[in-house]
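J.: model.tsv (TSV, C-alpha atoms and all ligand atoms) pasted underneath:
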```tsv
chain	number	residue	atom	x	y	z
A	2	MET	CA	-22.52	39.66	6.22
A	3	LYS	CA	-21.02	42.54	8.16
A	4	ASP	CA	-18.35	44.72	6.63
A	5	ASN	CA	-14.94	43.06	6.78
A	6	THR	CA	-13.10	45.37	9.20
A	7	LYS	CA	-15.91	45.20	11.73
A	8	SER	CA	-16.03	41.39	11.46
A	9	LEU	CA	-12.29	41.05	11.88
A	10	ASN	CA	-12.36	43.27	14.96
A	11	GLN	CA	-15.15	41.17	16.45
A	12	ALA	CA	-13.29	37.96	15.61
A	13	HIS	CA	-10.09	39.21	17.25
A	14	LYS	CA	-11.96	39.97	20.46
A	15	ILE	CA	-12.79	36.28	20.92
A	16	ARG	CA	-9.87	34.67	22.68
A	17	ALA	CA	-8.81	31.17	21.69
A	18	LYS	CA	-9.63	28.63	24.40
A	19	LYS	CA	-7.13	25.87	24.93
A	20	LYS	CA	-9.63	23.50	26.55
A	21	TRP	CA	-11.52	23.33	23.25
A	22	GLY	CA	-8.43	22.92	21.07
A	23	GLN	CA	-8.93	26.29	19.40
A	24	ASN	CA	-6.25	26.87	16.78
A	25	PHE	CA	-7.92	28.81	14.01
A	26	LEU	CA	-6.87	28.43	10.40
A	27	THR	CA	-5.58	31.63	8.84
A	28	ASP	CA	-4.42	30.40	5.43
A	29	PRO	CA	-7.18	30.36	2.79
A	30	ASN	CA	-5.07	28.16	0.50
A	31	ILE	CA	-5.17	25.34	3.04
A	32	VAL	CA	-8.97	25.58	3.28
A	33	ASN	CA	-9.28	25.54	-0.51
A	34	LYS	CA	-7.04	22.47	-0.70
A	35	ILE	CA	-9.22	20.72	1.91
A	36	LEU	CA	-12.43	21.56	0.03
A	37	ASP	CA	-10.90	20.54	-3.32
A	38	ALA	CA	-9.90	17.19	-1.79
A	39	ALA	CA	-13.49	16.67	-0.62
A	40	LEU	CA	-14.70	17.32	-4.20
A	41	LEU	CA	-17.64	19.29	-2.81
A	42	GLN	CA	-20.58	19.51	-5.20
A	43	SER	CA	-23.30	22.12	-5.03
A	44	GLY	CA	-26.28	20.87	-2.98
A	45	GLU	CA	-24.23	18.19	-1.24
A	46	SER	CA	-24.82	17.54	2.46
A	47	VAL	CA	-21.79	18.44	4.58
A	48	LEU	CA	-20.99	18.31	8.29
A	49	GLU	CA	-18.38	20.61	9.80
A	50	ILE	CA	-17.25	19.91	13.34
A	51	GLY	CA	-15.96	22.97	15.17
A	52	PRO	CA	-16.56	25.84	12.71
A	53	GLY	CA	-14.74	28.23	15.07
A	54	LYS	CA	-14.88	31.72	13.59
A	55	GLY	CA	-16.26	30.39	10.33
A	56	PHE	CA	-13.09	30.60	8.22
A	57	MET	CA	-13.81	27.27	6.52
A	58	THR	CA	-17.60	27.51	7.01
A	59	ARG	CA	-17.91	30.51	4.68
A	60	ARG	CA	-15.93	28.75	1.96
A	61	ILE	CA	-17.98	25.53	2.27
A	62	LEU	CA	-21.17	27.57	1.86
A	63	ALA	CA	-19.66	29.47	-1.08
A	64	ARG	CA	-19.32	26.11	-2.84
A	65	GLY	CA	-23.09	25.62	-2.56
A	66	ALA	CA	-23.09	22.82	0.02
A	67	ARG	CA	-25.94	22.26	2.49
A	68	LEU	CA	-24.01	22.59	5.71
A	69	LYS	CA	-24.58	21.55	9.33
A	70	ALA	CA	-21.92	22.81	11.73
A	71	ILE	CA	-21.57	21.72	15.36
A	72	GLU	CA	-19.79	24.08	17.75
A	73	ILE	CA	-19.39	23.71	21.52
A	74	ASP	CA	-18.21	27.24	22.40
A	75	PRO	CA	-21.15	29.62	23.07
A	76	ASP	CA	-19.03	32.70	22.17
A	77	LEU	CA	-18.23	31.26	18.75
A	78	VAL	CA	-21.83	30.16	18.22
A	79	ALA	CA	-22.99	33.73	18.90
A	80	PHE	CA	-20.27	35.10	16.60
A	81	ILE	CA	-21.18	32.82	13.69
A	82	GLN	CA	-24.88	33.50	14.18
A	83	SER	CA	-24.26	37.21	13.85
A	84	GLU	CA	-21.80	36.89	10.97
A	85	ILE	CA	-22.95	34.17	8.64
A	86	MET	CA	-26.30	34.76	7.04
A	87	ALA	CA	-27.39	31.92	4.83
A	88	PRO	CA	-30.85	30.57	4.04
A	89	ASP	CA	-32.05	28.06	6.65
A	90	GLU	CA	-32.06	25.18	4.25
A	91	THR	CA	-28.38	25.67	3.41
A	92	PHE	CA	-26.88	26.31	6.84
A	93	THR	CA	-27.71	24.96	10.29
A	94	LEU	CA	-25.54	25.79	13.27
A	95	ILE	CA	-25.85	23.44	16.21
A	96	HIS	CA	-24.60	24.46	19.64
A	97	GLN	CA	-23.55	21.10	21.08
A	98	ASP	CA	-20.71	18.81	22.01
A	99	ALA	CA	-19.89	16.88	18.83
A	100	LEU	CA	-19.12	13.81	20.95
A	101	ARG	CA	-22.76	13.74	22.08
A	102	TYR	CA	-24.50	14.75	18.88
A	103	ASP	CA	-26.90	12.22	17.35
A	104	TYR	CA	-25.50	11.95	13.82
A	105	GLN	CA	-28.64	10.15	12.67
A	106	ASN	CA	-30.01	13.70	12.35
A	107	MET	CA	-27.74	14.28	9.35
A	108	SER	CA	-29.38	13.56	6.04
A	109	ALA	CA	-27.33	10.87	4.32
A	110	PRO	CA	-25.22	10.56	2.34
A	111	TYR	CA	-22.95	13.29	3.63
A	112	LYS	CA	-19.32	14.33	3.83
A	113	VAL	CA	-17.42	15.53	6.87
A	114	VAL	CA	-15.00	18.40	6.47
A	115	ALA	CA	-13.27	19.74	9.56
A	116	ASN	CA	-10.25	21.13	11.30
A	117	LEU	CA	-10.81	18.95	14.35
A	118	PRO	CA	-10.14	19.93	17.95
A	119	TYR	CA	-7.00	17.82	18.48
A	120	ASN	CA	-7.72	17.01	22.13
A	121	ILE	CA	-10.76	14.91	21.22
A	122	SER	CA	-9.90	13.80	17.68
A	123	THR	CA	-9.60	10.07	18.48
A	124	PRO	CA	-12.97	9.66	20.28
A	125	LEU	CA	-14.56	11.82	17.57
A	126	LEU	CA	-13.14	9.56	14.88
A	127	PHE	CA	-14.66	6.53	16.63
A	128	ARG	CA	-18.03	8.34	16.86
A	129	LEU	CA	-17.90	9.20	13.17
A	130	LEU	CA	-16.99	5.61	12.30
A	131	GLU	CA	-20.38	4.58	13.72
A	132	GLU	CA	-21.77	6.55	10.75
A	133	LYS	CA	-19.56	4.76	8.22
A	134	THR	CA	-22.42	3.55	6.01
A	135	ARG	CA	-23.84	7.09	5.71
A	136	ILE	CA	-20.65	9.12	5.30
A	137	THR	CA	-19.09	9.09	1.83
A	138	GLN	CA	-15.84	10.87	2.71
A	139	MET	CA	-14.15	12.70	5.56
A	140	VAL	CA	-11.42	15.23	4.91
A	141	LEU	CA	-9.99	16.14	8.27
A	142	MET	CA	-7.19	18.25	9.67
A	143	LEU	CA	-5.55	16.32	12.48
A	144	GLN	CA	-2.42	16.37	14.53
A	145	LYS	CA	0.22	14.93	12.16
A	146	GLU	CA	1.11	12.21	14.64
A	147	VAL	CA	-2.53	11.01	14.73
A	148	ALA	CA	-2.74	11.04	10.91
A	149	GLU	CA	0.44	8.93	10.83
A	150	ARG	CA	-1.04	6.48	13.34
A	151	ILE	CA	-4.17	6.10	11.22
A	152	THR	CA	-2.22	5.29	8.05
A	153	ALA	CA	0.62	3.26	9.66
A	154	SER	CA	1.67	-0.21	8.48
A	155	PRO	CA	2.31	-3.24	10.71
A	156	GLY	CA	5.72	-3.35	12.34
A	157	THR	CA	6.10	0.42	12.57
A	158	LYS	CA	6.16	2.57	15.70
A	159	SER	CA	2.93	4.38	14.80
A	160	TYR	CA	0.94	1.19	14.14
A	161	GLY	CA	-1.76	0.58	16.74
A	162	ALA	CA	-5.48	0.06	17.35
A	163	LEU	CA	-6.33	3.28	15.49
A	164	SER	CA	-4.49	2.06	12.36
A	165	VAL	CA	-6.12	-1.38	12.38
A	166	ILE	CA	-9.64	-0.14	13.07
A	167	LEU	CA	-9.62	2.76	10.59
A	168	GLN	CA	-8.01	0.62	7.86
A	169	PHE	CA	-10.52	-2.15	8.55
A	170	PHE	CA	-13.44	0.18	7.84
A	171	ALA	CA	-12.02	2.71	5.39
A	172	ASP	CA	-9.49	3.74	2.75
A	173	VAL	CA	-7.20	6.20	4.49
A	174	LYS	CA	-4.61	8.54	3.00
A	175	ILE	CA	-2.57	11.49	4.23
A	176	LEU	CA	-3.10	14.25	1.66
A	177	PHE	CA	-0.66	16.94	2.84
A	178	ASN	CA	1.08	18.33	5.90
A	179	VAL	CA	0.25	21.74	7.37
A	180	SER	CA	2.71	23.96	9.19
A	181	PRO	CA	1.84	25.51	12.60
A	182	HIS	CA	2.27	28.91	10.86
A	183	CYS	CA	-1.09	28.41	9.11
A	184	PHE	CA	-3.00	28.77	12.41
A	185	TYR	CA	-3.60	31.33	15.11
A	186	PRO	CA	-2.62	30.69	17.81
A	187	LYS	CA	0.13	28.43	16.45
A	188	PRO	CA	-0.27	24.85	17.71
A	189	LYS	CA	2.78	23.24	19.32
A	190	VAL	CA	2.47	20.27	16.96
A	191	SER	CA	2.47	19.80	13.20
A	192	SER	CA	-0.76	19.00	11.41
A	193	ALA	CA	-1.83	16.91	8.45
A	194	VAL	CA	-4.95	16.63	6.33
A	195	ILE	CA	-6.25	13.12	5.86
A	196	SER	CA	-8.90	11.60	3.61
A	197	ILE	CA	-11.02	8.79	5.06
A	198	ILE	CA	-13.36	7.01	2.65
A	199	PRO	CA	-15.54	4.47	4.50
A	200	LEU	CA	-15.87	1.13	2.71
A	201	GLN	CA	-19.33	-0.27	1.90
A	202	LYS	CA	-18.30	-3.44	3.77
A	203	PRO	CA	-15.34	-3.88	6.14
A	204	ARG	CA	-12.13	-4.80	4.33
A	205	ILE	CA	-12.29	-8.32	5.80
A	206	VAL	CA	-15.46	-10.12	6.86
A	207	VAL	CA	-15.36	-11.19	10.52
A	208	GLN	CA	-17.87	-13.18	12.60
A	209	ASP	CA	-18.53	-10.32	15.00
A	210	GLU	CA	-17.32	-6.74	14.43
A	211	GLY	CA	-17.74	-5.76	18.10
A	212	PHE	CA	-15.62	-8.72	19.19
A	213	PHE	CA	-12.98	-7.88	16.55
A	214	LEU	CA	-12.75	-4.32	17.93
A	215	LYS	CA	-12.31	-5.66	21.48
A	216	ILE	CA	-9.51	-8.00	20.37
A	217	VAL	CA	-7.69	-5.22	18.52
A	218	LYS	CA	-8.01	-2.73	21.39
A	219	GLY	CA	-6.95	-5.44	23.87
A	220	ALA	CA	-3.90	-6.43	21.82
A	221	PHE	CA	-2.60	-2.85	21.97
A	222	LEU	CA	-3.61	-2.13	25.56
A	223	TYR	CA	-0.06	-2.80	26.73
A	224	ARG	CA	2.18	-2.25	23.71
A	225	ARG	CA	5.24	-3.83	25.29
A	226	LYS	CA	3.47	-7.04	26.25
A	227	GLN	CA	3.30	-10.15	24.11
A	228	VAL	CA	-0.11	-10.37	22.46
A	229	LEU	CA	-1.29	-13.32	24.59
A	230	ASN	CA	-0.47	-11.52	27.84
A	231	ALA	CA	-1.99	-8.26	26.61
A	232	LEU	CA	-5.24	-10.01	25.74
A	233	VAL	CA	-5.32	-11.81	29.11
A	234	CYS	CA	-4.89	-8.41	30.80
A	235	ALA	CA	-7.75	-7.14	28.63
A	236	GLY	CA	-10.00	-9.82	30.15
A	237	PHE	CA	-9.88	-12.67	27.61
A	238	SER	CA	-9.52	-16.24	28.91
A	239	GLU	CA	-5.93	-17.50	28.75
A	240	GLU	CA	-7.16	-21.02	28.11
A	241	HIS	CA	-9.23	-20.02	25.08
A	242	LEU	CA	-6.49	-17.80	23.74
A	243	LYS	CA	-3.88	-20.58	23.96
A	244	ILE	CA	-6.14	-22.96	22.02
A	245	ALA	CA	-6.83	-20.26	19.44
A	246	PHE	CA	-3.14	-19.44	18.91
A	247	GLU	CA	-2.29	-23.13	18.59
A	248	ASN	CA	-5.07	-23.59	16.10
A	249	MET	CA	-3.87	-20.61	14.07
A	250	LYS	CA	-0.28	-21.87	14.27
A	251	CYS	CA	0.58	-18.40	15.50
A	252	ASP	CA	3.28	-17.51	18.01
A	253	PRO	CA	1.56	-16.04	21.13
A	254	LYS	CA	4.83	-14.32	22.04
A	255	ARG	CA	4.48	-11.89	19.13
A	256	ARG	CA	3.54	-8.29	19.91
A	257	GLY	CA	0.27	-6.77	18.70
A	258	GLU	CA	2.11	-4.32	16.45
A	259	THR	CA	3.35	-7.20	14.22
A	260	PHE	CA	-0.17	-8.43	13.38
A	261	THR	CA	-1.62	-7.53	9.98
A	262	LEU	CA	-5.30	-6.73	9.56
A	263	ALA	CA	-5.91	-10.23	8.16
A	264	GLU	CA	-4.16	-11.81	11.16
A	265	PHE	CA	-6.27	-9.77	13.59
A	266	ALA	CA	-9.42	-10.88	11.72
A	267	CYS	CA	-8.32	-14.51	11.91
A	268	LEU	CA	-7.40	-14.21	15.61
A	269	SER	CA	-10.75	-12.60	16.39
A	270	ASP	CA	-12.73	-15.29	14.54
A	271	THR	CA	-10.72	-18.14	16.09
A	272	VAL	CA	-11.10	-16.89	19.67
A	273	TYR	CA	-14.77	-16.12	19.00
A	274	LYS	CA	-15.31	-19.71	17.83
A	275	TYR	CA	-14.01	-21.09	21.13
A	276	LEU	CA	-16.07	-18.71	23.20
A	277	TYR	CA	-19.47	-19.03	21.51
A	301	LIG	N1	-12.78	25.34	11.97
A	301	LIG	C1	-12.13	26.41	12.63
A	301	LIG	C2	-10.88	26.80	11.88
A	301	LIG	O1	-10.39	25.96	11.11
A	301	LIG	O2	-10.41	27.91	12.06
A	301	LIG	C3	-11.80	26.07	14.09
A	301	LIG	C4	-10.99	24.82	14.30
A	301	LIG	S1	-10.41	24.62	15.96
A	301	LIG	C5	-9.03	23.56	15.69
A	301	LIG	C6	-11.54	23.46	16.68
A	301	LIG	C7	-12.97	23.96	16.85
A	301	LIG	O3	-13.74	22.91	17.44
A	301	LIG	C8	-13.13	25.15	17.77
A	301	LIG	O4	-14.03	26.05	17.22
A	301	LIG	C9	-13.69	24.56	19.07
A	301	LIG	O5	-14.44	25.46	19.84
A	301	LIG	C10	-14.53	23.41	18.52
A	301	LIG	N2	-14.75	22.31	19.46
A	301	LIG	C11	-13.92	21.84	20.41
A	301	LIG	N3	-14.45	20.80	21.07
A	301	LIG	C12	-15.67	20.60	20.49
A	301	LIG	C13	-16.72	19.68	20.73
A	301	LIG	N4	-16.62	18.73	21.67
A	301	LIG	N5	-17.83	19.76	19.98
A	301	LIG	C14	-17.95	20.71	19.01
A	301	LIG	N6	-17.00	21.62	18.75
A	301	LIG	C15	-15.87	21.57	19.47
```
Is it possible to express this structure as structure tokens?
Ligand code: SAM
T.:
Amino acid sequence: MKDNTKSLNQAHKIRAKKKWGQNFLTDPNIVNKILDAALLQSGESVLEIGPGKGFMTRRILARGARLKAIEIDPDLVAFIQSEIMAPDETFTLIHQDALRYDYQNMSAPYKVVANLPYNISTPLLFRLLEEKTRITQMVLMLQKEVAERITASPGTKSYGALSVILQFFADVKILFNVSPHCFYPKPKVSSAVISIIPLQKPRIVVQDEGFFLKIVKGAFLYRRKQVLNALVCAGFSEEHLKIAFENMKCDPKRRGETFTLAEFACLSDTVYKYLY
């Protein structure tokens, strides 16, 4: 590695780009807390999304992990390539959009550790969920509001499709909050670190997982609508839905946000039965 002053000067020359959600961590204690929460073992396979200037990357490597990092910004890729020297088998830097990366290239099992770009955190979470049987844990820095949505309970303002889907596939827990002062530039929002541990099997067995996801997303498409109307707007047949609600002895005037995970699973299976 280059001498520290030279590296810092180089790092300062790279301006943070808003379009790629670049708020770089500056507090080593926060990184250590993230890596402690991930219980990183030497030799373990780890994925970092958005290594930025390598603040967390260096510390992951120092713990002996075999790391793949995916970065979209060519300036940061060039910076990391010139700064972080590690044997090929321990560190691979991939210059790509993490939303398009083929995660089958990761050797499983692996953990994901990242300070995510907040502007694409939700689609990234859905991409990573596709890897749920191969990922053992994700420890992610997110916008606090997103972390609260993921862990929310039914009947609360934050409860939505993200809560139901993540809790269906994983154990989720907010570990700690992080102040904007721990980043440069300071984000306008507060942050939180969350642990997501994918379950071996979904929390509740449903007939068709794809159909379940469509029902959940449809139910929250228009938050203010009653669930029946929301699902009709999402393209489901009103006739089938009415039969399903009657069969479930469930009030179709309820809103999606009042449905528990078990109720969504039951609704999905009942509608599915009438359709197929
Ligand atoms: N890990 C660094 C840190 O903690 O200081 C940087 C975190 S910063 C919040 C997000 C990082 O993700 C930036 O380096 C940004 O360039 C990168 N990024 C943004 N969009 C991306 C994408 N679609 N694919 C890969 N990396 C992306």
J.: Determine the nearest neighbour of Gln208 of chain A from the options A:Lys145, A:Arg256, A:Lys158, A:Lys274, counting all atoms listed in the file.
T.: A:Lys274
J.: Fewer than 2 positions away in the same chain doesn't count, so skip those; otherwise give me all residues within 10 Å of Thr134 of chain A, counting all atoms listed in the file, as a ChimeraX atom specification.
T.: /A:109-110,130-132,136-137,170,199-202
J.: Just the residues within 10 Å of Leu129 of chain A, please, counting all atoms listed in the file, with nothing from its chain fewer than 5 positions along; format it as JSON, numbers by chain.
T.: {"A": [99, 100, 104, 113, 123, 124, 135, 136, 139]}
J.: Using all atoms listed in the file, which residues have at least one atom no more than 8 Å from ligand LIG 301 (chain A)? Output them as a PyMOL selection string.
T.: chain A and resi 18+20-27+32+49-58+71-74+77+96-101+115-121+184
J.: So what do you get for atom CA of Asn230 of chain A versus atom CA of Val272 of chain A, distance-wise?
T.: 14.4 Å
J.: Between A:Ile95, A:Leu176, A:Leu276, A:Leu262, which has the minimum distance to Ser238 of chain A (counting all atoms listed in the file)?
T.: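 Using all atoms listed in the file, the shortest distance to Ser238 of chain A belongs to A:Leu276.
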J.: Using atom CA of Phe213 of chain A and atom CA of His241 of chain A as the two end points, give the distance in Å to one decimal.
T.: 15.3 Å
J.: Could you give me, as a list in words, the residues within 10 Å of Leu242 of chain A, counting only C-alpha atoms and dropping anything in the same chain fewer than 2 positions from it?
T.: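 Result of the neighbour search: Val228, Leu229, Asn230, Leu232, Val233, Phe237, Ser238, Glu239, Glu240, Ile244, Ala245, Phe246, Glu247, Asn248, Pro253, Leu268, Ser269, Thr271, Val272, Tyr273, Tyr275 and Leu276 of chain A.
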J.: Do you have the atom CA of Ala162 of chain A-atom CA of Ile216 of chain A distance handy?
T.: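 A separation of 9.5 Å between them.
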J.: Between A:Arg59, A:Asp103, A:Tyr111, A:Gln82, single out the one closest to Glu45 of chain A, counting only C-alpha atoms.
T.: A:Tyr111
J.: Could you tell me which of A:Ser159, A:Ser164, A:Ser154, A:Asn106 comes closest to Leu214 of chain A if we count only C-alpha atoms?
T.: A:Ser164
J.: Between A:Phe169, A:Phe80, A:His13, A:Lys254, which has the minimum distance to Glu210 of chain A (counting all atoms listed in the file)?
T.: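 Going through A:Phe169, A:Phe80, A:His13, A:Lys254 one by one, the smallest distance to Glu210 of chain A is for A:Phe169.
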J.: Considering only C-alpha atoms, state which residue in the set A:Arg60, A:Arg67, A:Lys218, A:Arg225 is at the smallest distance from Lys34 of chain A.
T.: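 Smallest distance to Lys34 of chain A is found for A:Arg60.
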J.: Counting all atoms listed in the file, what is within 9 Å of Ala66 of chain A, bar same-chain residues fewer than 2 positions away, as a ChimeraX atom specification?
T.: /A:41-47,61-64,68,91-92
J.: What are the centre and edge lengths in Å, to one decimal, of the axis-aligned box around all listed atoms of segment 142-153 of chain A with 3 Å added on each side, as AutoDock Vina command-line options?
T.:
```
--center_x -3.0 --center_y 10.8 --center_z 11.4 --size_x 14.3 --size_y 21.0 --size_z 12.7
```
